[in-house]
>>> print(open('final-v3.txt').read())   # compact mmCIF, C-alpha atoms
# COMPACT_ATOMS: atom_id res chain seq x y z
CA MET A 181 -17.99 16.32 -6.53
CA ALA A 182 -17.78 16.67 -2.76
CA HIS A 183 -16.81 13.02 -2.26
CA ILE A 184 -13.86 13.08 -4.71
CA LEU A 185 -10.40 14.36 -3.83
CA TRP A 186 -7.46 14.33 -6.23
CA PHE A 187 -4.21 13.21 -4.69
CA GLU A 188 -2.36 16.37 -5.70
CA ASP A 189 -4.97 18.49 -3.88
CA TYR A 190 -4.50 16.66 -0.60
CA GLN A 191 -4.29 18.64 2.63
CA PRO A 192 -3.57 17.16 6.09
CA ALA A 193 -7.13 17.95 7.20
CA ASP A 194 -8.37 15.46 4.57
CA ALA A 195 -6.70 12.50 6.29
CA THR A 196 -9.73 11.63 8.41
CA VAL A 197 -11.88 10.85 5.34
CA LEU A 198 -9.19 9.33 3.10
CA GLY A 199 -7.76 6.54 5.25
CA GLY A 200 -4.07 5.87 5.73
CA LYS A 201 -3.23 4.69 2.22
CA ASN A 202 -4.86 7.52 0.28
CA ALA A 203 -3.68 10.18 2.73
CA SER A 204 -0.14 8.86 2.32
CA LEU A 205 -0.35 8.98 -1.49
CA GLY A 206 -1.56 12.56 -1.37
CA SER A 207 1.15 13.56 1.07
CA LEU A 208 3.88 11.87 -0.99
CA ILE A 209 2.74 13.56 -4.21
CA GLY A 210 2.76 16.88 -2.38
CA ALA A 211 6.35 16.19 -1.34
CA GLY A 212 7.37 15.67 -4.97
CA LEU A 213 7.83 11.90 -4.93
CA PRO A 214 7.04 9.90 -8.10
CA VAL A 215 3.52 8.57 -7.42
CA PRO A 216 1.13 7.65 -10.27
CA PRO A 217 -1.77 10.14 -10.58
CA GLY A 218 -5.25 9.45 -9.34
CA PHE A 219 -8.06 10.39 -6.99
CA ALA A 220 -9.77 9.16 -3.85
CA VAL A 221 -13.42 8.46 -3.13
CA SER A 222 -13.81 9.67 0.45
CA ALA A 223 -14.97 7.56 3.37
CA ASP A 224 -17.97 9.90 3.64
CA ALA A 225 -19.23 8.43 0.35
CA TYR A 226 -19.15 4.99 1.97
CA ARG A 227 -21.00 6.32 5.02
CA LYS A 228 -23.62 8.01 2.84
CA ALA A 229 -24.23 4.90 0.74
CA LEU A 230 -24.70 2.79 3.87
CA ALA A 231 -26.95 5.37 5.50
CA ASP A 232 -29.10 5.71 2.36
CA GLY A 233 -29.40 1.93 2.19
CA GLY A 234 -30.27 1.58 5.87
CA LEU A 235 -27.25 -0.66 6.47
CA ALA A 236 -25.14 1.22 9.03
CA GLY A 237 -26.99 -0.09 12.09
CA ARG A 238 -27.18 -3.64 10.74
CA LEU A 239 -23.44 -3.74 10.10
CA ASP A 240 -22.65 -2.33 13.54
CA ALA A 241 -24.85 -5.02 15.10
CA LEU A 242 -23.14 -7.76 13.10
CA VAL A 243 -19.66 -6.73 14.27
CA ALA A 244 -20.88 -6.27 17.85
CA SER A 245 -22.14 -9.85 17.84
CA VAL A 246 -18.77 -11.34 16.87
CA ASP A 247 -16.93 -13.55 19.34
CA PRO A 248 -13.28 -12.82 18.44
CA ARG A 249 -12.21 -16.16 19.94
CA ASP A 250 -14.45 -18.08 17.53
CA PRO A 251 -13.31 -18.12 13.87
CA GLY A 252 -16.74 -19.40 12.85
CA SER A 253 -18.38 -16.37 14.42
CA VAL A 254 -15.99 -14.03 12.59
CA ALA A 255 -16.55 -15.82 9.27
CA ALA A 256 -20.35 -15.78 9.55
CA ALA A 257 -20.47 -12.07 10.38
CA GLY A 258 -17.99 -11.25 7.61
CA ARG A 259 -19.88 -13.22 5.00
CA GLN A 260 -23.17 -11.50 5.84
CA ALA A 261 -21.60 -8.03 6.05
CA ARG A 262 -19.86 -8.39 2.68
CA SER A 263 -23.12 -9.51 1.10
CA LEU A 264 -24.96 -6.48 2.48
CA VAL A 265 -22.34 -3.96 1.36
CA GLY A 266 -21.83 -5.68 -2.01
CA SER A 267 -25.50 -5.26 -2.87
CA VAL A 268 -25.89 -1.63 -1.77
CA ASP A 269 -27.25 0.73 -4.43
CA LEU A 270 -25.09 3.76 -5.20
CA PRO A 271 -27.14 6.88 -5.93
CA ALA A 272 -26.36 8.96 -9.00
CA GLY A 273 -24.88 11.58 -6.71
CA LEU A 274 -22.05 9.13 -6.03
CA THR A 275 -21.75 7.15 -9.25
CA GLU A 276 -21.61 10.14 -11.60
CA PRO A 277 -18.73 11.89 -9.78
CA ILE A 278 -16.76 8.64 -9.81
CA ARG A 279 -17.35 8.16 -13.56
CA ASP A 280 -16.57 11.82 -14.29
CA SER A 281 -13.34 11.64 -12.30
CA TYR A 282 -12.28 8.48 -14.12
CA ASP A 283 -12.92 10.24 -17.45
CA ARG A 284 -10.83 13.18 -16.29
CA LEU A 285 -7.99 10.82 -15.34
CA CYS A 286 -8.24 9.24 -18.81
CA GLY A 287 -7.79 12.69 -20.33
CA ARG A 288 -4.80 13.45 -18.15
CA CYS A 289 -3.17 10.13 -19.08
CA ASP A 290 -4.03 10.49 -22.79
CA ASP A 291 -5.81 7.12 -22.74
CA ALA A 292 -9.56 6.85 -23.38
CA ALA A 293 -9.77 3.78 -21.10
CA VAL A 294 -6.76 4.16 -18.82
CA PRO A 295 -6.16 1.06 -16.66
CA VAL A 296 -6.35 1.84 -12.96
CA ALA A 297 -5.76 0.17 -9.63
CA VAL A 298 -8.79 0.45 -7.35
CA ARG A 299 -7.43 0.25 -3.81
CA SER A 300 -9.00 0.04 -0.36
CA SER A 301 -7.98 2.66 2.21
CA ALA A 302 -9.70 2.16 5.55
CA THR A 303 -9.85 5.03 8.05
CA CYS A 304 -8.14 2.89 10.71
CA GLU A 305 -5.24 1.54 8.62
CA ASP A 306 -1.54 2.34 8.13
CA GLN A 307 -0.97 3.67 11.63
CA PRO A 308 2.27 3.13 13.58
CA GLU A 309 0.48 0.72 15.93
CA ALA A 310 -1.55 -1.13 13.27
CA SER A 311 -0.81 -1.36 9.55
CA PHE A 312 -3.74 -3.53 8.34
CA ALA A 313 -1.46 -4.57 5.48
CA GLY A 314 -3.19 -7.12 3.26
CA GLU A 315 -6.47 -7.09 5.19
CA HIS A 316 -8.49 -5.27 2.50
CA ASP A 317 -8.78 -5.66 -1.26
CA THR A 318 -7.03 -4.10 -4.23
CA TYR A 319 -8.13 -4.63 -7.86
CA LEU A 320 -5.70 -4.21 -10.75
CA TRP A 321 -6.04 -3.16 -14.37
CA ILE A 322 -9.64 -1.94 -14.15
CA ARG A 323 -10.93 -0.05 -17.20
CA GLY A 324 -14.11 2.00 -17.70
CA GLY A 325 -16.24 4.16 -15.44
CA ASP A 326 -18.84 1.50 -14.70
CA ALA A 327 -16.16 -1.03 -13.76
CA VAL A 328 -14.52 1.50 -11.44
CA VAL A 329 -17.85 2.13 -9.67
CA GLU A 330 -18.38 -1.61 -9.19
CA HIS A 331 -14.89 -2.10 -7.78
CA VAL A 332 -15.33 0.83 -5.41
CA ARG A 333 -18.27 -1.10 -3.97
CA ARG A 334 -16.13 -4.26 -3.74
CA CYS A 335 -13.47 -2.33 -1.82
CA TRP A 336 -16.15 -1.13 0.58
CA ALA A 337 -17.22 -4.74 1.15
CA SER A 338 -13.63 -5.76 1.84
CA LEU A 339 -13.75 -3.74 5.06
CA PHE A 340 -15.46 -6.89 6.34
CA THR A 341 -13.02 -9.60 5.26
CA ASP A 342 -12.59 -12.22 7.98
CA ARG A 343 -8.98 -11.11 8.43
CA GLY A 344 -9.98 -7.45 8.60
CA ILE A 345 -12.65 -8.03 11.25
CA ALA A 346 -10.36 -10.24 13.34
CA TYR A 347 -7.46 -7.79 13.11
CA ARG A 348 -9.61 -4.84 14.15
CA LEU A 349 -10.94 -6.78 17.15
CA GLU A 350 -7.42 -7.86 18.11
CA ARG A 351 -6.11 -4.29 17.89
CA GLY A 352 -9.07 -2.68 19.63
CA PHE A 353 -10.62 -1.09 16.54
CA GLY A 354 -13.52 -3.53 16.33
CA ARG A 355 -16.24 -1.31 17.77
CA ALA A 356 -14.87 1.98 16.38
CA ASN A 357 -17.09 2.15 13.25
CA PRO A 358 -14.28 2.35 10.70
CA ALA A 359 -15.12 3.47 7.18
CA MET A 360 -13.59 2.84 3.76
CA SER A 361 -12.12 5.34 1.35
CA VAL A 362 -11.07 4.04 -2.09
CA GLY A 363 -8.16 5.14 -4.26
CA VAL A 364 -8.34 5.09 -8.07
CA GLN A 365 -4.84 5.35 -9.53
CA GLN A 366 -3.22 4.99 -12.94
CA MET A 367 -1.63 1.57 -13.26
CA VAL A 368 2.07 1.00 -13.71
CA ALA A 369 2.90 -2.03 -15.90
CA PRO A 370 6.16 -2.99 -14.22
CA ARG A 371 9.07 -5.06 -15.38
CA ALA A 372 9.83 -5.68 -11.70
CA ALA A 373 8.27 -4.67 -8.41
CA GLY A 374 8.42 -5.36 -4.71
CA VAL A 375 8.77 -3.88 -1.26
CA ALA A 376 11.45 -2.02 0.67
CA PHE A 377 11.96 -1.45 4.37
CA THR A 378 14.04 1.48 5.59
CA LEU A 379 15.52 -0.77 8.26
CA ASN A 380 16.65 -4.37 8.29
CA PRO A 381 13.48 -6.36 9.13
CA LEU A 382 15.61 -9.22 10.53
CA ASP A 383 17.25 -7.21 13.33
CA GLY A 384 15.82 -3.67 13.19
CA ASP A 385 19.12 -2.09 12.07
CA ARG A 386 18.16 1.41 10.88
CA SER A 387 21.43 1.92 9.02
CA GLN A 388 20.22 -0.40 6.25
CA ILE A 389 17.49 -0.53 3.60
CA ALA A 390 16.15 -3.98 2.75
CA ILE A 391 14.66 -4.54 -0.72
CA ASP A 392 12.67 -7.51 -1.98
CA ALA A 393 12.17 -7.64 -5.75
CA SER A 394 10.66 -10.00 -8.29
CA TRP A 395 9.46 -10.00 -11.90
CA GLY A 396 6.18 -8.38 -12.90
CA PHE A 397 3.59 -6.89 -10.57
CA GLY A 398 4.36 -6.79 -6.87
CA GLU A 399 1.44 -9.00 -5.81
CA ALA A 400 3.61 -12.12 -5.84
CA VAL A 401 6.02 -10.50 -3.35
CA VAL A 402 3.37 -8.92 -1.13
CA GLY A 403 1.35 -12.13 -1.07
CA GLY A 404 4.35 -14.34 -0.30
CA GLU A 405 3.85 -16.40 -3.47
CA VAL A 406 7.45 -16.11 -4.65
CA THR A 407 10.89 -16.08 -3.06
CA PRO A 408 12.15 -12.67 -4.19
CA ASP A 409 15.63 -11.36 -4.78
CA ASN A 410 16.82 -9.60 -1.63
CA TYR A 411 19.24 -6.72 -1.25
CA LEU A 412 20.65 -4.80 1.69
CA VAL A 413 21.80 -1.24 1.03
CA ASP A 414 23.87 0.85 3.43
CA LYS A 415 21.79 3.93 4.15
CA VAL A 416 24.79 6.24 4.63
CA MET A 417 27.14 5.15 1.84
CA PHE A 418 24.38 3.88 -0.50
CA SER A 419 26.33 0.78 -1.37
CA ILE A 420 24.88 -2.72 -1.76
CA THR A 421 26.20 -4.74 1.17
CA ARG A 422 24.39 -8.01 0.48
CA ARG A 423 22.51 -9.57 -2.42
CA THR A 424 20.62 -12.84 -2.61
CA ILE A 425 19.30 -13.86 -6.02
CA SER A 426 16.50 -16.41 -5.77
CA ALA A 427 14.70 -18.73 -8.16
CA LYS A 428 11.63 -16.64 -8.97
CA THR A 429 9.14 -19.18 -10.26
CA LEU A 430 6.00 -17.05 -10.55
CA GLU A 431 5.13 -13.58 -11.81
CA TYR A 432 1.96 -11.56 -12.26
CA ARG A 433 1.71 -9.90 -15.65
CA LEU A 434 -0.84 -8.78 -18.22
CA THR A 435 -2.74 -11.27 -20.32
CA GLU A 436 -3.71 -10.68 -23.95
CA SER A 437 -7.23 -9.82 -22.77
CA GLY A 438 -5.91 -7.04 -20.55
CA THR A 439 -6.23 -8.67 -17.15
CA VAL A 440 -3.54 -9.46 -14.57
CA ALA A 441 -2.80 -13.15 -13.96
CA ALA A 442 -0.08 -15.39 -12.54
CA PHE A 443 2.34 -17.11 -14.92
CA GLU A 444 5.39 -19.33 -14.56
CA VAL A 445 8.60 -17.37 -15.05
CA PRO A 446 10.50 -18.64 -18.12
CA ALA A 447 13.60 -20.66 -17.28
CA GLU A 448 16.00 -18.07 -18.71
CA ARG A 449 14.77 -15.39 -16.29
CA ARG A 450 14.03 -17.53 -13.25
CA ASN A 451 17.49 -17.28 -11.66
CA ALA A 452 18.48 -13.96 -13.18
CA PRO A 453 18.49 -10.80 -11.01
CA CYS A 454 15.42 -8.70 -11.78
CA LEU A 455 17.19 -5.43 -10.92
CA THR A 456 20.51 -3.95 -11.96
CA ASP A 457 22.69 -2.42 -9.25
CA ASP A 458 21.68 1.07 -10.38
CA GLU A 459 18.01 0.10 -10.11
CA VAL A 460 18.55 -1.32 -6.62
CA LEU A 461 20.05 1.98 -5.52
CA ALA A 462 17.23 3.93 -7.19
CA VAL A 463 14.70 1.95 -5.15
CA ALA A 464 16.74 2.53 -1.99
CA ARG A 465 16.92 6.29 -2.58
CA LEU A 466 13.17 6.44 -3.17
CA ALA A 467 12.49 4.55 0.08
CA ARG A 468 14.89 6.83 1.94
CA ARG A 469 13.06 9.90 0.61
CA ALA A 470 9.79 8.49 1.94
CA GLU A 471 11.41 7.90 5.33
CA LYS A 472 12.78 11.45 5.44
CA HIS A 473 9.36 12.80 4.54
CA TYR A 474 7.65 10.99 7.40
CA GLY A 475 10.50 10.99 9.90
CA CYS A 476 10.16 7.30 10.80
CA PRO A 477 10.99 3.89 9.28
CA GLN A 478 8.79 3.00 6.31
CA ASP A 479 7.41 -0.10 4.61
CA VAL A 480 7.31 0.85 0.91
CA GLU A 481 5.74 -0.74 -2.16
CA TRP A 482 7.41 0.19 -5.45
CA ALA A 483 7.34 -0.71 -9.14
CA LEU A 484 9.83 -0.27 -11.98
CA ASP A 485 8.83 0.37 -15.60
CA ASP A 486 10.65 1.89 -18.56
CA ARG A 487 10.19 5.38 -17.07
CA GLY A 488 11.86 4.59 -13.75
CA VAL A 489 10.86 3.68 -10.21
CA TRP A 490 7.39 4.54 -8.91
CA LEU A 491 6.28 4.75 -5.30
CA LEU A 492 2.97 2.92 -4.92
CA GLN A 493 2.55 3.04 -1.16
CA SER A 494 4.42 3.96 2.00
CA ARG A 495 3.28 3.08 5.51
CA PRO A 496 5.00 3.14 8.92
CA GLU A 497 7.00 0.03 9.74
CA THR A 498 5.18 -1.51 12.71
CA VAL A 499 7.40 -4.28 14.12
CA TRP A 500 10.80 -2.90 15.08
CA SER A 501 9.60 0.70 15.36
CA ARG A 502 7.58 -0.18 18.47
CA ARG A 503 10.50 -1.80 20.26
CA VAL A 504 12.72 0.02 22.73
CA ARG A 505 16.00 0.78 21.03
CA VAL A 506 18.99 -0.43 23.04
CA PRO A 507 22.41 1.15 22.29
CA ARG A 508 24.75 -1.37 20.67
CA SER A 509 27.74 -0.30 22.83
CA SER A 510 27.68 -0.10 26.62
CA ALA A 511 28.86 2.94 28.59
CA GLY A 512 32.63 3.19 28.71
CA SER A 513 33.15 1.31 25.44
CA ALA A 514 31.62 3.74 22.97
CA ASP A 515 32.38 3.15 19.32
CA PRO A 516 32.86 6.55 17.63
CA ILE A 517 31.89 5.19 14.19
CA ALA A 518 28.70 3.63 15.61
CA SER A 519 27.97 6.95 17.28
CA ILE A 520 28.25 8.80 13.98
CA VAL A 521 25.99 6.28 12.22
CA ALA A 522 23.45 6.47 15.05
CA THR A 523 23.38 10.26 14.77
CA LEU A 524 22.86 10.11 11.01
CA MET A 525 20.09 7.54 11.38
CA LYS A 526 18.23 9.32 14.21
CA PRO A 527 14.59 9.95 13.24
CA ILE A 528 13.93 13.51 12.15
CA SER A 529 12.46 15.54 15.01
CA GLY A 530 9.87 18.27 14.67
CA THR A 531 7.08 18.39 12.09
CA PRO A 532 7.53 16.12 9.06
CA GLU A 533 7.42 18.04 5.79
CA GLY A 534 3.98 18.22 4.29
CA HIS A 535 2.27 17.80 7.69
CA GLY A 536 1.57 21.23 9.02
>>> encode(input="final-v3.txt", output="structure tokens")
Amino acid sequence: MAHILWFEDYQPADATVLGGKNASLGSLIGAGLPVPPGFAVSADAYRKALADGGLAGRLDALVASVDPRDPGSVAAAGRQARSLVGSVDLPAGLTEPIRDSYDRLCGRCDDAAVPVAVRSSATCEDQPEASFAGEHDTYLWIRGGDAVVEHVRRCWASLFTDRGIAYRLERGFGRANPAMSVGVQQMVAPRAAGVAFTLNPLDGDRSQIAIDASWGFGEAVVGGEVTPDNYLVDKVMFSITRRTISAKTLEYRLTESGTVAAFEVPAERRNAPCLTDDEVLAVARLARRAEKHYGCPQDVEWALDDRGVWLLQSRPETVWSRRVRVPRSSAGSADPIASIVATLMKPISGTPEGHG
């Protein structure tokens, strides 16, 4: 099973074939953070499938022909590329390892048809200079080996979404022949979920953790479909310094048929906070652990179920982290308290743990 790598077996040398998302999950599990179990299908499997199908050159030519200033050109190339990748035949040497690994995950989770998230992880994504957040596809609550294989192929095709192509061209990755790894991970059925930034995304203040939270799966928050509850947590004292409870009108949750769909939030929960104070602080501590692990501000996806808070993804924050940091106090008017906070918040120097 050369093209399968379990997250707990991750080594830094694997990063080049796992993409940013899967490499991060492996690294976080290795650091002892609570990440649901799963495995990755390497980007080399994608390359092999395309090579066997004679598609690599055709896809390169399609992207090379794109005029990034013309949305119609991007859309036409993307549509054709997705069709080509979506119809590629996977040889038994790829499909059987994926099915076998899914069966093994079922055994580990004590569920004969464990629901999984099948998640795209491109080799060019989740870098400090380019996150690619939301450019590629994720599929939730997938059951069965055959369904997992099919959704791996769909993730491959999502490398060529219109947004993905345009973003790569804008960031200079357009002609770099990126490839797609795919993560297969046990699903969490959350009561609440959302995102957290280990700085204040409004002003870049690294002494704060900002948390957005809403009912159900986190897709409503990530996709901007709901106004979430928002919390600011002081990173030194771990106290909640601001809370804004919003009217959360929509949530993603399971249907009776075992799929994930959007529903209206019942009136009695719409204006109620979806996290207790203790849960807010648990999310903040988890985000802070991810930041300490990587040594730089993080953009974290999390979910809360009856077992606690799970870390679903952590990527470098890419807006404020690229800006030059200007001291808040000018020379001759130094604030000793600000100086202490700045020292505590300084990014960890040296080699981040888990990255030899």
>>> axis_aligned_box(input="final-v3.txt", around="region 488-492 of chain A", padding_each_side="6 Å", output="lines of an AutoDock Vina configuration file")
center_x = 7.4
center_y = 3.8
center_z = -9.3
size_x = 20.9
size_y = 13.8
size_z = 20.8
>>> closest_atom_pairs(input="final-v3.txt", of="region 210-297 of chain A", to="region 323-329 of chain A", cutoff="12 Å", atoms="all atoms listed in the file", output="JSON lines")
{"residue": "A:Phe219", "atom": "CA", "partner": "A:Val328", "partner_atom": "CA", "distance": 11.9}
{"residue": "A:Ala220", "atom": "CA", "partner": "A:Val328", "partner_atom": "CA", "distance": 11.8}
{"residue": "A:Val221", "atom": "CA", "partner": "A:Val329", "partner_atom": "CA", "distance": 10.1}
{"residue": "A:Ala225", "atom": "CA", "partner": "A:Val329", "partner_atom": "CA", "distance": 11.9}
{"residue": "A:Gly266", "atom": "CA", "partner": "A:Val329", "partner_atom": "CA", "distance": 11.6}
{"residue": "A:Val268", "atom": "CA", "partner": "A:Val329", "partner_atom": "CA", "distance": 11.9}
{"residue": "A:Asp269", "atom": "CA", "partner": "A:Val329", "partner_atom": "CA", "distance": 10.9}
{"residue": "A:Leu270", "atom": "CA", "partner": "A:Val329", "partner_atom": "CA", "distance": 8.7}
{"residue": "A:Pro271", "atom": "CA", "partner": "A:Val329", "partner_atom": "CA", "distance": 11.1}
{"residue": "A:Ala272", "atom": "CA", "partner": "A:Val329", "partner_atom": "CA", "distance": 10.9}
{"residue": "A:Leu274", "atom": "CA", "partner": "A:Val329", "partner_atom": "CA", "distance": 8.9}
{"residue": "A:Thr275", "atom": "CA", "partner": "A:Val329", "partner_atom": "CA", "distance": 6.4}
{"residue": "A:Glu276", "atom": "CA", "partner": "A:Gly325", "partner_atom": "CA", "distance": 8.9}
{"residue": "A:Pro277", "atom": "CA", "partner": "A:Val329", "partner_atom": "CA", "distance": 9.8}
{"residue": "A:Ile278", "atom": "CA", "partner": "A:Val329", "partner_atom": "CA", "distance": 6.6}
{"residue": "A:Arg279", "atom": "CA", "partner": "A:Gly325", "partner_atom": "CA", "distance": 4.6}
{"residue": "A:Asp280", "atom": "CA", "partner": "A:Gly325", "partner_atom": "CA", "distance": 7.8}
{"residue": "A:Ser281", "atom": "CA", "partner": "A:Gly325", "partner_atom": "CA", "distance": 8.6}
{"residue": "A:Tyr282", "atom": "CA", "partner": "A:Gly325", "partner_atom": "CA", "distance": 6.0}
{"residue": "A:Asp283", "atom": "CA", "partner": "A:Gly325", "partner_atom": "CA", "distance": 7.2}
{"residue": "A:Arg284", "atom": "CA", "partner": "A:Gly325", "partner_atom": "CA", "distance": 10.6}
{"residue": "A:Leu285", "atom": "CA", "partner": "A:Gly325", "partner_atom": "CA", "distance": 10.6}
{"residue": "A:Cys286", "atom": "CA", "partner": "A:Gly324", "partner_atom": "CA", "distance": 9.4}
{"residue": "A:Asp291", "atom": "CA", "partner": "A:Arg323", "partner_atom": "CA", "distance": 10.4}
{"residue": "A:Ala292", "atom": "CA", "partner": "A:Gly324", "partner_atom": "CA", "distance": 8.7}
{"residue": "A:Ala293", "atom": "CA", "partner": "A:Arg323", "partner_atom": "CA", "distance": 5.6}
{"residue": "A:Val294", "atom": "CA", "partner": "A:Arg323", "partner_atom": "CA", "distance": 6.1}
{"residue": "A:Pro295", "atom": "CA", "partner": "A:Arg323", "partner_atom": "CA", "distance": 4.9}
{"residue": "A:Val296", "atom": "CA", "partner": "A:Arg323", "partner_atom": "CA", "distance": 6.5}
{"residue": "A:Ala297", "atom": "CA", "partner": "A:Val328", "partner_atom": "CA", "distance": 9.0}
>>> residues_around(input="final-v3.txt", residues="Tyr226 (chain A)", least_positions_apart="3", cutoff="7 Å", atoms="only C-alpha atoms", output="list in words")
Ala223, Ala229, Leu230, Trp336, Ala359 and Met360 of chain A
>>> closest_residue(input="final-v3.txt", among="A:Asp458, A:Asp414, A:Glu188, A:Asp409", to="Thr429 (chain A)", atoms="only C-alpha atoms")
A:Asp409
>>> closest_residue(input="final-v3.txt", among="A:Ile389, A:Val362, A:Leu466, A:Leu213", to="His183 (chain A)", atoms="only C-alpha atoms")
A:Val362
>>> atom_distance(input="final-v3.txt", atom1="CA of Thr421 (chain A)", atom2="CA of Ala390 (chain A)")
10.2 Å
